[in-house]
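K.L.:
For reference, the file run.tsv (TSV, C-alpha atoms) is included below:
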chain	number	residue	atom	x	y	z
A	756	MET	CA	-90.30	2.66	182.57
A	757	TYR	CA	-87.11	1.74	184.30
A	758	THR	CA	-88.19	-1.84	184.65
A	759	ILE	CA	-89.39	-2.10	181.06
A	760	LYS	CA	-86.26	-0.52	179.58
A	761	ASN	CA	-83.90	-2.87	181.45
A	762	SER	CA	-85.91	-6.04	180.81
A	763	ILE	CA	-85.24	-5.91	177.07
A	764	PRO	CA	-81.42	-6.17	177.22
A	765	TYR	CA	-81.72	-8.84	179.92
A	766	SER	CA	-83.93	-10.98	177.65
A	767	LEU	CA	-81.59	-10.54	174.70
A	768	GLY	CA	-78.60	-11.58	176.82
A	769	LEU	CA	-80.40	-14.65	178.04
A	770	LEU	CA	-81.28	-15.67	174.47
A	771	PHE	CA	-77.66	-15.13	173.35
A	772	SER	CA	-76.33	-17.31	176.18
A	773	ILE	CA	-78.76	-20.12	175.38
A	774	SER	CA	-77.90	-19.91	171.67
A	775	PHE	CA	-74.13	-19.98	172.39
A	776	LEU	CA	-74.37	-23.01	174.69
A	777	SER	CA	-76.55	-24.80	172.16
A	778	SER	CA	-74.06	-24.19	169.32
A	779	CYS	CA	-71.17	-25.45	171.51
A	780	SER	CA	-73.00	-28.66	172.34
A	781	GLU	CA	-73.69	-29.29	168.65
A	782	SER	CA	-70.05	-28.73	167.52
A	783	PRO	CA	-68.15	-31.97	166.76
A	784	ASN	CA	-65.61	-33.22	169.29
A	785	SER	CA	-61.89	-33.01	168.47
A	786	ILE	CA	-58.78	-35.00	169.29
A	787	ASP	CA	-55.05	-34.51	168.86
A	788	LYS	CA	-53.61	-36.89	166.23
A	789	ASN	CA	-50.46	-37.31	168.34
A	790	GLN	CA	-52.61	-38.93	171.01
A	791	CYS	CA	-53.86	-41.60	168.63
A	792	ILE	CA	-52.83	-44.81	166.91
A	793	ILE	CA	-53.57	-45.15	163.18
A	794	LEU	CA	-54.16	-48.67	161.88
A	795	THR	CA	-54.79	-49.87	158.31
A	796	VAL	CA	-57.41	-52.44	157.34
A	797	GLU	CA	-55.69	-55.18	155.33
A	798	LYS	CA	-56.15	-58.70	154.07
A	799	GLY	CA	-54.27	-61.65	155.55
A	800	LYS	CA	-54.38	-64.65	157.84
A	801	VAL	CA	-56.47	-64.70	161.01
A	802	ILE	CA	-56.16	-67.55	163.46
A	803	THR	CA	-58.10	-68.38	166.62
A	804	PRO	CA	-55.32	-70.10	168.56
A	805	ILE	CA	-54.80	-72.86	171.02
A	806	LYS	CA	-51.61	-71.89	172.81
A	807	THR	CA	-48.84	-74.38	173.51
A	808	SER	CA	-45.04	-74.39	173.32
A	809	GLY	CA	-42.10	-75.79	171.38
A	810	VAL	CA	-38.32	-75.79	171.01
A	811	VAL	CA	-36.33	-74.55	168.00
A	812	GLU	CA	-34.22	-77.28	166.35
A	813	PRO	CA	-32.07	-77.49	163.20
A	814	GLU	CA	-34.25	-78.61	160.32
A	815	SER	CA	-31.68	-81.03	158.90
A	816	GLU	CA	-28.24	-82.58	159.29
A	817	VAL	CA	-25.27	-82.33	156.94
A	818	LEU	CA	-23.36	-85.57	156.32
A	819	ILE	CA	-19.77	-85.28	155.09
A	820	ARG	CA	-18.59	-88.47	153.39
A	821	CYS	CA	-15.14	-89.73	152.53
A	822	ASN	CA	-14.30	-89.24	148.83
A	823	TYR	CA	-11.15	-91.38	148.82
A	824	PRO	CA	-9.94	-94.31	150.97
A	825	SER	CA	-7.55	-92.99	153.58
A	826	THR	CA	-6.68	-92.80	157.27
A	827	ILE	CA	-7.73	-90.13	159.77
A	828	LYS	CA	-4.57	-88.17	160.51
A	829	LYS	CA	-5.89	-85.51	162.91
A	830	ILE	CA	-9.25	-84.41	164.40
A	831	ILE	CA	-9.55	-80.64	164.79
A	832	LYS	CA	-13.18	-80.24	165.96
A	833	GLU	CA	-14.58	-82.69	168.49
A	834	PRO	CA	-18.32	-83.52	168.71
A	835	GLY	CA	-20.24	-80.63	170.30
A	836	SER	CA	-18.04	-77.98	168.66
A	837	THR	CA	-19.71	-75.08	166.85
A	838	VAL	CA	-18.43	-74.61	163.31
A	839	GLN	CA	-18.89	-72.04	160.55
A	840	THR	CA	-18.92	-72.73	156.82
A	841	GLY	CA	-15.36	-73.58	155.73
A	842	ASP	CA	-14.00	-74.43	159.20
A	843	LEU	CA	-11.47	-77.30	159.24
A	844	ILE	CA	-12.89	-80.32	161.10
A	845	LEU	CA	-10.38	-83.13	160.49
A	846	VAL	CA	-7.39	-84.05	158.30
A	847	LEU	CA	-7.00	-87.27	156.28
A	848	ASP	CA	-3.66	-88.80	155.26
A	849	ASP	CA	-2.90	-87.74	151.65
A	850	GLN	CA	0.15	-89.87	150.74
A	851	GLN	CA	-1.75	-92.52	148.76
A	852	ILE	CA	-3.77	-90.04	146.72
A	853	LYS	CA	-0.63	-88.03	145.94
A	854	SER	CA	1.04	-91.23	144.67
A	855	ASP	CA	-2.01	-91.99	142.50
A	856	ILE	CA	-1.94	-88.46	141.06
A	857	GLU	CA	1.73	-88.80	140.07
A	858	SER	CA	1.00	-92.16	138.38
A	859	ILE	CA	-1.88	-90.70	136.36
A	860	GLN	CA	0.24	-87.72	135.33
A	861	ASP	CA	2.97	-90.11	134.03
A	862	GLN	CA	0.40	-92.17	132.09
A	863	LEU	CA	-1.06	-89.01	130.59
A	864	ALA	CA	2.37	-87.88	129.42
A	865	ILE	CA	2.89	-91.26	127.68
A	866	LYS	CA	-0.54	-91.14	125.99
A	867	LYS	CA	-0.02	-87.58	124.78
A	868	ASN	CA	3.36	-88.60	123.33
A	869	SER	CA	1.71	-91.56	121.56
A	870	LEU	CA	-0.94	-89.21	120.19
A	871	GLU	CA	1.71	-86.92	118.78
A	872	LYS	CA	3.48	-89.90	117.14
A	873	ASN	CA	0.19	-91.11	115.71
A	874	ASN	CA	-0.52	-87.67	114.23
A	875	LEU	CA	2.93	-87.61	112.57
A	876	ALA	CA	2.47	-91.16	111.24
A	877	GLU	CA	-0.96	-90.25	109.88
A	878	THR	CA	0.46	-87.24	108.07
A	879	SER	CA	3.30	-89.33	106.59
A	880	THR	CA	0.92	-92.12	105.51
A	881	LYS	CA	-1.42	-89.65	103.85
A	882	ILE	CA	1.51	-88.24	101.84
A	883	ASP	CA	2.67	-91.74	100.75
A	884	LEU	CA	-0.84	-92.88	99.82
A	885	LYS	CA	-1.52	-89.74	97.84
A	886	TYR	CA	1.77	-90.14	95.98
A	887	THR	CA	0.97	-93.77	95.04
A	888	GLU	CA	-2.50	-92.76	93.90
A	889	ASP	CA	-1.13	-89.91	91.77
A	890	VAL	CA	1.41	-92.30	90.12
A	891	LYS	CA	-1.35	-94.71	89.16
A	892	LYS	CA	-3.45	-91.84	87.78
A	893	LEU	CA	-0.50	-90.75	85.61
A	894	ASN	CA	0.00	-94.34	84.44
A	895	ILE	CA	-3.66	-94.54	83.35
A	896	THR	CA	-3.37	-91.20	81.55
A	897	SER	CA	-0.23	-92.43	79.77
A	898	LEU	CA	-1.90	-95.70	78.71
A	899	LYS	CA	-4.92	-93.83	77.37
A	900	SER	CA	-2.65	-91.57	75.34
A	901	GLN	CA	-0.80	-94.65	74.03
A	902	LEU	CA	-4.15	-96.23	73.06
A	903	SER	CA	-5.09	-93.13	71.09
A	904	ASP	CA	-1.82	-93.26	69.17
A	905	GLU	CA	-2.22	-96.97	68.49
A	906	GLU	CA	-5.74	-96.49	67.17
A	907	GLN	CA	-4.39	-93.97	64.64
A	908	LEU	CA	-1.67	-96.40	63.57
A	909	LEU	CA	-4.29	-99.12	63.19
A	910	ASP	CA	-6.10	-97.00	60.65
A	911	VAL	CA	-3.00	-96.88	58.41
A	912	GLY	CA	-2.09	-100.53	59.05
A	913	GLY	CA	0.92	-99.73	61.20
A	914	ILE	CA	-0.15	-101.88	64.17
A	915	SER	CA	-2.08	-105.05	64.80
A	916	PRO	CA	-5.48	-105.11	66.57
A	917	ALA	CA	-3.99	-107.44	69.20
A	918	LYS	CA	-1.70	-104.67	70.40
A	919	ILE	CA	-4.62	-102.30	70.88
A	920	GLU	CA	-6.54	-104.95	72.79
A	921	LYS	CA	-3.53	-105.47	75.07
A	922	THR	CA	-3.33	-101.72	75.80
A	923	LYS	CA	-7.04	-101.64	76.62
A	924	GLN	CA	-6.55	-104.49	79.08
A	925	GLU	CA	-3.67	-102.66	80.71
A	926	ILE	CA	-5.86	-99.53	81.12
A	927	ALA	CA	-8.71	-101.60	82.67
A	928	LEU	CA	-6.24	-103.27	85.05
A	929	ALA	CA	-4.69	-99.92	86.00
A	930	GLU	CA	-8.14	-98.40	86.72
A	931	LYS	CA	-9.08	-101.39	88.85
A	932	GLU	CA	-5.81	-101.09	90.78
A	933	LEU	CA	-6.54	-97.36	91.34
A	934	LEU	CA	-10.03	-98.18	92.68
A	935	THR	CA	-8.59	-100.86	94.98
A	936	LEU	CA	-5.91	-98.42	96.16
A	937	ARG	CA	-8.54	-95.81	97.00
A	938	GLU	CA	-10.55	-98.32	99.02
A	939	LYS	CA	-7.41	-99.42	100.91
A	940	ASN	CA	-6.47	-95.78	101.50
A	941	SER	CA	-9.96	-95.08	102.92
A	942	ILE	CA	-9.64	-98.04	105.29
A	943	LYS	CA	-6.15	-96.93	106.31
A	944	PHE	CA	-7.37	-93.40	107.03
A	945	LYS	CA	-10.23	-94.82	109.16
A	946	GLN	CA	-7.74	-96.93	111.10
A	947	LEU	CA	-5.56	-93.89	111.77
A	948	ARG	CA	-8.58	-91.87	112.90
A	949	ALA	CA	-9.74	-94.72	115.15
A	950	GLU	CA	-6.29	-94.89	116.76
A	951	GLU	CA	-6.37	-91.12	117.30
A	952	GLU	CA	-9.87	-91.23	118.80
A	953	GLY	CA	-8.82	-94.09	121.08
A	954	LEU	CA	-5.85	-92.10	122.34
A	955	LEU	CA	-7.99	-88.97	122.81
A	956	LEU	CA	-10.62	-90.97	124.74
A	957	GLY	CA	-7.94	-92.50	126.95
A	958	ILE	CA	-6.50	-89.03	127.61
A	959	GLU	CA	-9.97	-87.63	128.39
A	960	ILE	CA	-10.70	-90.44	130.86
A	961	GLN	CA	-7.39	-90.01	132.64
A	962	GLU	CA	-7.71	-86.23	132.74
A	963	LYS	CA	-11.12	-86.63	134.39
A	964	ASP	CA	-9.63	-89.14	136.82
A	965	LEU	CA	-6.81	-86.69	137.52
A	966	LYS	CA	-9.30	-83.89	138.13
A	967	ASP	CA	-11.22	-86.09	140.59
A	968	LYS	CA	-8.01	-87.04	142.36
A	969	LEU	CA	-6.92	-83.39	142.64
A	970	LEU	CA	-10.33	-82.53	144.08
A	971	GLY	CA	-9.97	-85.48	146.44
A	972	LEU	CA	-6.57	-84.15	147.51
A	973	GLU	CA	-8.20	-80.84	148.47
A	974	GLN	CA	-10.81	-82.77	150.45
A	975	MET	CA	-8.20	-84.50	152.54
A	976	ASN	CA	-8.71	-81.38	154.67
A	977	VAL	CA	-12.34	-81.99	155.65
A	978	ARG	CA	-14.18	-78.68	156.10
A	979	SER	CA	-17.69	-77.81	157.24
A	980	GLN	CA	-20.16	-77.23	154.41
A	981	SER	CA	-22.47	-75.09	156.57
A	982	SER	CA	-22.72	-73.41	159.95
A	983	GLY	CA	-23.75	-75.80	162.67
A	984	ILE	CA	-22.73	-78.05	165.53
A	985	VAL	CA	-20.59	-81.16	165.10
A	986	LEU	CA	-22.80	-84.04	166.21
A	987	ALA	CA	-20.42	-86.96	165.58
A	988	ILE	CA	-17.06	-87.97	164.05
A	989	GLY	CA	-17.28	-91.34	162.27
A	990	SER	CA	-13.86	-92.71	163.27
A	991	LYS	CA	-10.90	-92.08	165.55
A	992	THR	CA	-7.43	-90.79	164.75
A	993	GLY	CA	-5.38	-93.46	162.95
A	994	GLU	CA	-8.39	-95.48	161.78
A	995	LYS	CA	-8.91	-96.30	158.13
A	996	VAL	CA	-11.93	-94.88	156.30
A	997	ASN	CA	-13.43	-96.11	153.02
A	998	LYS	CA	-14.92	-94.22	150.09
A	999	ASP	CA	-18.46	-92.93	150.85
A	1000	GLN	CA	-18.10	-93.65	154.56
A	1001	VAL	CA	-19.68	-90.90	156.75
A	1002	LEU	CA	-16.88	-88.89	158.34
A	1003	VAL	CA	-18.81	-86.11	160.09
A	1004	ARG	CA	-22.42	-85.35	161.05
A	1005	ILE	CA	-23.27	-81.65	161.49
A	1006	SER	CA	-26.53	-79.98	162.45
A	1007	ASP	CA	-27.40	-77.42	159.77
A	1008	LEU	CA	-28.03	-74.01	161.38
A	1009	SER	CA	-29.09	-72.36	158.13
A	1010	SER	CA	-32.72	-73.43	158.58
A	1011	PHE	CA	-34.85	-74.49	161.53
A	1012	LYS	CA	-38.00	-76.32	162.52
A	1013	ILE	CA	-39.86	-76.37	165.84
A	1014	SER	CA	-40.50	-79.45	167.93
A	1015	GLY	CA	-43.81	-78.85	169.71
A	1016	SER	CA	-45.95	-80.65	172.25
A	1017	ILE	CA	-49.55	-80.27	173.41
A	1018	GLU	CA	-51.97	-81.88	175.85
A	1019	GLU	CA	-53.53	-85.09	174.56
A	1020	LYS	CA	-57.03	-83.63	174.94
A	1021	MET	CA	-56.18	-81.18	172.14
A	1022	ALA	CA	-55.17	-83.99	169.76
A	1023	ASP	CA	-58.07	-83.27	167.36
A	1024	TYR	CA	-56.43	-79.97	166.38
A	1025	ILE	CA	-52.98	-81.47	165.72
A	1026	LYS	CA	-53.18	-82.57	162.11
A	1027	THR	CA	-50.50	-82.59	159.42
A	1028	GLY	CA	-50.79	-79.36	157.43
A	1029	ALA	CA	-52.70	-77.45	160.12
A	1030	PRO	CA	-51.72	-73.73	160.38
A	1031	VAL	CA	-49.49	-72.64	163.28
A	1032	TYR	CA	-47.88	-69.39	164.41
A	1033	ALA	CA	-44.55	-69.38	166.26
A	1034	VAL	CA	-44.60	-66.33	168.55
A	1035	PHE	CA	-41.59	-64.85	170.34
A	1036	GLU	CA	-40.46	-61.37	171.36
A	1037	ASP	CA	-42.14	-59.02	168.84
A	1038	THR	CA	-42.16	-61.61	166.02
A	1039	SER	CA	-44.69	-64.13	164.77
A	1040	LEU	CA	-43.77	-66.67	162.06
A	1041	PHE	CA	-46.36	-68.63	160.10
A	1042	GLY	CA	-45.97	-72.35	159.47
A	1043	HIS	CA	-47.71	-75.71	159.25
A	1044	ILE	CA	-47.71	-78.88	161.33
A	1045	GLY	CA	-45.53	-81.56	159.77
A	1046	ILE	CA	-44.92	-84.98	161.34
A	1047	VAL	CA	-47.18	-85.89	164.28
A	1048	SER	CA	-45.91	-88.61	166.61
A	1049	PRO	CA	-48.44	-91.41	167.15
A	1050	ILE	CA	-47.06	-92.04	170.64
A	1051	VAL	CA	-48.41	-90.15	173.68
A	1052	GLU	CA	-45.71	-89.35	176.26
A	1053	ASN	CA	-46.62	-88.00	179.71
A	1054	GLY	CA	-50.07	-87.08	178.46
A	1055	LYS	CA	-48.70	-85.02	175.57
A	1056	ILE	CA	-48.49	-85.38	171.79
A	1057	GLN	CA	-45.27	-84.46	169.99
A	1058	PHE	CA	-45.26	-82.77	166.56
A	1059	ASN	CA	-43.01	-80.76	164.23
A	1060	VAL	CA	-43.71	-77.30	162.83
A	1061	TYR	CA	-42.19	-76.26	159.48
A	1062	LEU	CA	-42.03	-72.47	159.12
A	1063	GLU	CA	-42.33	-70.39	155.96
A	1064	GLU	CA	-39.37	-68.29	157.19
A	1065	ARG	CA	-37.25	-71.18	158.40
A	1066	SER	CA	-34.04	-69.10	158.19
A	1067	HIS	CA	-35.33	-66.15	160.24
A	1068	PRO	CA	-32.34	-64.46	161.99
A	1069	LYS	CA	-34.04	-64.52	165.40
A	1070	LEU	CA	-34.35	-68.32	165.45
A	1071	ILE	CA	-31.79	-69.87	167.81
A	1072	PRO	CA	-31.22	-73.60	168.53
A	1073	HIS	CA	-32.84	-74.87	171.76
A	1074	GLN	CA	-34.88	-71.65	172.05
A	1075	ASN	CA	-38.24	-72.09	173.84
A	1076	ILE	CA	-41.03	-70.61	171.77
A	1077	GLU	CA	-44.80	-70.14	172.07
A	1078	LEU	CA	-46.96	-71.87	169.47
A	1079	TRP	CA	-50.45	-70.90	168.37
A	1080	VAL	CA	-52.17	-73.89	166.81
A	1081	ALA	CA	-55.22	-73.01	164.70
A	1082	LYS	CA	-58.54	-73.76	166.33
A	1083	ASN	CA	-60.13	-71.65	163.58
A	1084	PHE	CA	-58.30	-70.22	160.57
A	1085	LYS	CA	-59.06	-67.96	157.61
A	1086	GLU	CA	-56.47	-67.39	154.86
A	1087	ASN	CA	-57.51	-64.13	153.18
A	1088	ALA	CA	-59.59	-62.33	155.78
A	1089	LEU	CA	-60.17	-58.58	156.09
A	1090	ARG	CA	-58.31	-57.86	159.32
A	1091	LEU	CA	-57.14	-55.18	161.72
A	1092	LYS	CA	-54.31	-55.35	164.20
A	1093	ASN	CA	-55.51	-56.17	167.69
A	1094	ILE	CA	-54.24	-53.61	170.19
A	1095	PRO	CA	-54.82	-53.08	173.96
A	1096	GLN	CA	-56.99	-50.02	173.21
A	1097	PHE	CA	-59.72	-52.47	172.13
A	1098	SER	CA	-60.44	-53.15	175.80
A	1099	LYS	CA	-63.00	-55.88	175.12
A	1100	GLY	CA	-60.89	-57.40	172.37
A	1101	ARG	CA	-63.82	-57.25	169.92
A	1102	PRO	CA	-64.84	-53.63	169.10
A	1103	GLU	CA	-68.42	-52.86	168.01
A	1104	TYR	CA	-67.52	-49.70	166.07
A	1105	LEU	CA	-64.45	-48.06	164.57
A	1106	TYR	CA	-63.50	-44.54	163.43
A	1107	VAL	CA	-62.39	-44.28	159.82
A	1108	TYR	CA	-59.82	-41.49	159.43
A	1109	LYS	CA	-60.04	-39.35	156.27
A	1110	ASP	CA	-59.49	-35.69	155.37
A	1111	GLY	CA	-58.83	-34.62	158.95
A	1112	LYS	CA	-61.94	-36.31	160.34
A	1113	ALA	CA	-62.76	-39.60	162.01
A	1114	ILE	CA	-66.20	-40.97	161.09
A	1115	LYS	CA	-67.85	-43.60	163.23
A	1116	HIS	CA	-68.61	-46.92	161.48
A	1117	ARG	CA	-70.46	-49.77	163.11
A	1118	ILE	CA	-68.70	-53.05	162.30
A	1119	SER	CA	-69.14	-56.81	162.52
A	1120	THR	CA	-66.26	-59.07	163.55
A	1121	GLY	CA	-65.39	-62.70	162.96
A	1122	TYR	CA	-62.37	-64.67	164.18
A	1123	ILE	CA	-60.21	-62.95	166.76
A	1124	SER	CA	-56.65	-63.64	167.89
A	1125	PRO	CA	-54.16	-61.85	170.14
A	1126	THR	CA	-52.68	-60.25	167.02
A	1127	PHE	CA	-55.58	-59.64	164.61
A	1128	ILE	CA	-59.32	-59.10	164.52
A	1129	GLU	CA	-61.33	-60.23	161.50
A	1130	ILE	CA	-63.68	-57.52	160.20
A	1131	THR	CA	-66.64	-59.01	158.31
A	1132	ASP	CA	-68.58	-55.79	157.67
A	1133	GLY	CA	-68.47	-52.00	158.13
A	1134	VAL	CA	-65.06	-51.08	156.66
A	1135	LYS	CA	-63.07	-51.95	153.56
A	1136	GLU	CA	-59.46	-52.80	152.72
A	1137	SER	CA	-56.98	-49.87	153.01
A	1138	ASP	CA	-59.28	-47.86	155.30
A	1139	GLN	CA	-57.30	-46.04	158.00
A	1140	ILE	CA	-58.63	-46.51	161.51
A	1141	ILE	CA	-57.85	-43.99	164.24
A	1142	VAL	CA	-57.84	-45.16	167.87
A	1143	PRO	CA	-57.13	-42.85	170.84
A	1144	LEU	CA	-54.38	-44.00	173.17
A	1145	ALA	CA	-56.96	-43.79	175.93
A	1146	GLY	CA	-59.24	-46.24	174.06
A	1147	LEU	CA	-62.43	-45.92	172.01
A	1148	HIS	CA	-64.51	-45.14	175.08
A	1149	SER	CA	-62.73	-41.77	175.38
A	1150	LEU	CA	-64.56	-40.59	172.25
A	1151	LYS	CA	-67.90	-40.97	174.10
A	1152	ASP	CA	-69.55	-42.63	171.13
A	1153	ALA	CA	-69.44	-39.44	169.00
A	1154	SER	CA	-70.45	-39.90	165.36
A	1155	GLU	CA	-67.76	-37.54	163.99
A	1156	ILE	CA	-64.45	-36.37	165.41
A	1157	ILE	CA	-62.18	-33.58	164.16
A	1158	VAL	CA	-58.54	-34.76	164.17
A	1159	LYS	CA	-56.17	-31.89	164.93
Using structure tokens, write down the structure that the file contains.

P.N.:
Amino acid sequence: MYTIKNSIPYSLGLLFSISFLSSCSESPNSIDKNQCIILTVEKGKVITPIKTSGVVEPESEVLIRCNYPSTIKKIIKEPGSTVQTGDLILVLDDQQIKSDIESIQDQLAIKKNSLEKNNLAETSTKIDLKYTEDVKKLNITSLKSQLSDEEQLLDVGGISPAKIEKTKQEIALAEKELLTLREKNSIKFKQLRAEEEGLLLGIEIQEKDLKDKLLGLEQMNVRSQSSGIVLAIGSKTGEKVNKDQVLVRISDLSSFKISGSIEEKMADYIKTGAPVYAVFEDTSLFGHIGIVSPIVENGKIQFNVYLEERSHPKLIPHQNIELWVAKNFKENALRLKNIPQFSKGRPEYLYVYKDGKAIKHRISTGYISPTFIEITDGVKESDQIIVPLAGLHSLKDASEIIVK
């Protein structure tokens, strides 16, 4: 009895232990979110690179030309000097342009005085012409009144028909003289307007010339038009310079390009327009190959890279920079950031994070670069991917993970 009574609770305990262990083994694994990296699946460029190097250079030069014949009075910034926008570089002699400005101002004063006289003369002429015209109109009115009276006298025999005929001739002559006067007045008014327009045009031309000369006077102090480095000064102190002659050459530091080089055996990948990444520090800038030199020097090909962000603040002249030339390239690929936790560089599965859980998804990959992995199947854009800091292997291939 003793044995039978005690065997029952022993069996129940054994069954409970087995059931508990079984339920624990079937419970999903868990991981602390703070021990993970969360990445987002996005669309963008993916490049399989051939690595080479390049040097940052100013994209262009600024040429400052002489706007007025003069002489170099003083050089402030010698070649090699760094300048900022607005810095004084050299000074030109301004005596000749000042003399020209005074002469133009005197000529303008004379023309404006002539214009005022012309306007007064025009007003006076208009008054005289109108007066003459009004007198002739009154004369015609008077003759017509006289003709009316004479025609009444003719009816009663108080005047001869010859007299009436004479009056009619005088009226016709007076009307013709009035018409001629009006035509002459119109011509005279046109002449006065032409003289006024000529004076106004002359004033406009000289005012424009004066404006140009005043601007030229300001430019006798030659200033930098952009930040950069003075590459050359066209002439020496005391030398004469002509209009449009190049005074200063400055490298423009507002935008940059990269001068790259690569082994000749990689020449097939160096084509104008080919995609390139410039990689430095924690930054990568996208660009395209521009001019490719046809000459091979020391077993290398030289080429230029034009960046989309050519004014990036981290670009510095003469900076050495790593270049990734596209061996393979896809413009609008579904991609995920490549991180060290993908120990093989090309993961076979990922965990999609949603509602506090991470669900295992088997994936297919395409192009791969040090920065991105192309995902061709298994996840979609905007999916959040959770990766333990210890790497995917730490999840032991579990199908579902609770994220605490």

K.L.:
Atom CA of Leu818 of chain A and atom CA of Ser1006 of chain A, how far apart in Å?

P.N.:
8.9 Å

K.L.:
I'd like the neighbourhood of Leu970 of chain A as a PyMOL selection string, where a residue qualifies if any of its atoms comes within 12 Å (using all atoms listed in the file), though same-chain residues fewer than 3 positions away should be ignored.

P.N.:
chain A and resi 822-823+849+852-853+856+963-967+973-977

K.L.:
In Å, how far is it from atom CA of Tyr1108 of chain A to atom CA of Pro1143 of chain A?

P.N.:
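Rounded to one decimal, the two atoms are 11.8 Å apart.
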
K.L.:
If we count all atoms listed in the file and set the cut-off at 9 Å, which residues sit around segment 1076-1084 of chain A, ignoring sequence neighbours fewer than 5 positions away in its own chain? Please answer as a list in words.

P.N.:
Lys800, Val801, Ile802, Thr803, Pro804, Ile805, Lys806, Thr807, Ser808, Gly809, Val810, Val811, Ile1013, Gly1015, Tyr1024, Ile1025, Ala1029, Pro1030, Val1031, Tyr1032, Ala1033, Val1034, Phe1035, His1043, Ile1044 and Tyr1122 of chain A

K.L.:
Using only C-alpha atoms, pick whichever of A:Lys943, A:Asp999, A:Arg1004, A:Thr1126 has the shortest atom-to-atom distance to Thr1038 of chain A.

P.N.:
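Ranking A:Lys943, A:Asp999, A:Arg1004, A:Thr1126 by distance to Thr1038 of chain A, first place goes to A:Thr1126.
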
K.L.:
Calculated over only C-alpha atoms, which of the candidates A:Leu843, A:Ser1048, A:Gly1111, A:Gly1054 has the smallest distance to Lys1020 of chain A?

P.N.:
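Among the listed residues, the smallest separation from Lys1020 of chain A belongs to A:Gly1054.
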
K.L.:
Tell me, in Å to one decimal, how far atom CA of Ser897 of chain A is from atom CA of Ile882 of chain A.

P.N.:
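Rounded to one decimal, the two atoms are 22.5 Å apart.
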
K.L.:
Looking at only C-alpha atoms, which of A:Thr826, A:Thr1120, A:Ser1039, A:Ser1098 is the one that sits closest to Asp1132 of chain A?

P.N.:
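Result for the nearest residue to Asp1132 of chain A: A:Thr1120.
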
K.L.:
Calculated over all atoms listed in the file, which of the candidates A:Thr887, A:Leu955, A:Lys1069, A:Arg820 has the smallest distance to Asn868 of chain A?

P.N.:
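The answer is A:Leu955, which sits nearest to Asn868 of chain A.
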
K.L.:
Measuring between all atoms listed in the file, which one of A:Ile958, A:Val1047, A:Leu898, A:Val846 shows the shortest distance to Ile865 of chain A?

P.N.:
A:Ile958

K.L.:
Under the rule that all atoms listed in the file are counted, which of A:Gln790, A:Ser785, A:Leu1040, A:Ser825 is the nearest residue to Val996 of chain A?

P.N.:
A:Ser825

K.L.:
List as a list in words the protein and nucleic acid residues near Thr992 of chain A, meaning an atom at most 7 Å away when all atoms listed in the file are counted, but skip any in the same chain fewer than 4 places from it.

P.N.:
Ile827, Lys828, Lys829 and Ile830 of chain A

K.L.:
Pull C-alpha atoms from the residues just selected and write them as a PDB file, in the coordinates of the input.

P.N.:
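And here is the file that came out, selection_29.pdb:
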ATOM      1  CA  ILE A 827      -7.730 -90.130 159.770  1.00  0.00           C
ATOM      2  CA  LYS A 828      -4.570 -88.170 160.510  1.00  0.00           C
ATOM      3  CA  LYS A 829      -5.890 -85.510 162.910  1.00  0.00           C
ATOM      4  CA  ILE A 830      -9.250 -84.410 164.400  1.00  0.00           C
TER       5      ILE A 830
END

K.L.:
For Tyr1104 of chain A, find every residue with an atom within 8 Å (counting only C-alpha atoms), except residues of its own chain fewer than 3 positions away, and show them as a VMD selection string.

P.N.:
chain A and resid 1115 to 1118

K.L.:
Identify, on the basis of only C-alpha atoms, every residue whose closest approach to segment 925-937 of chain A does not exceed 8 Å; exclude the query and any residue fewer than 5 positions from it along the same chain; express the result as a PyMOL selection string.

P.N.:
chain A and resi 888+891-892+894-895+898-899
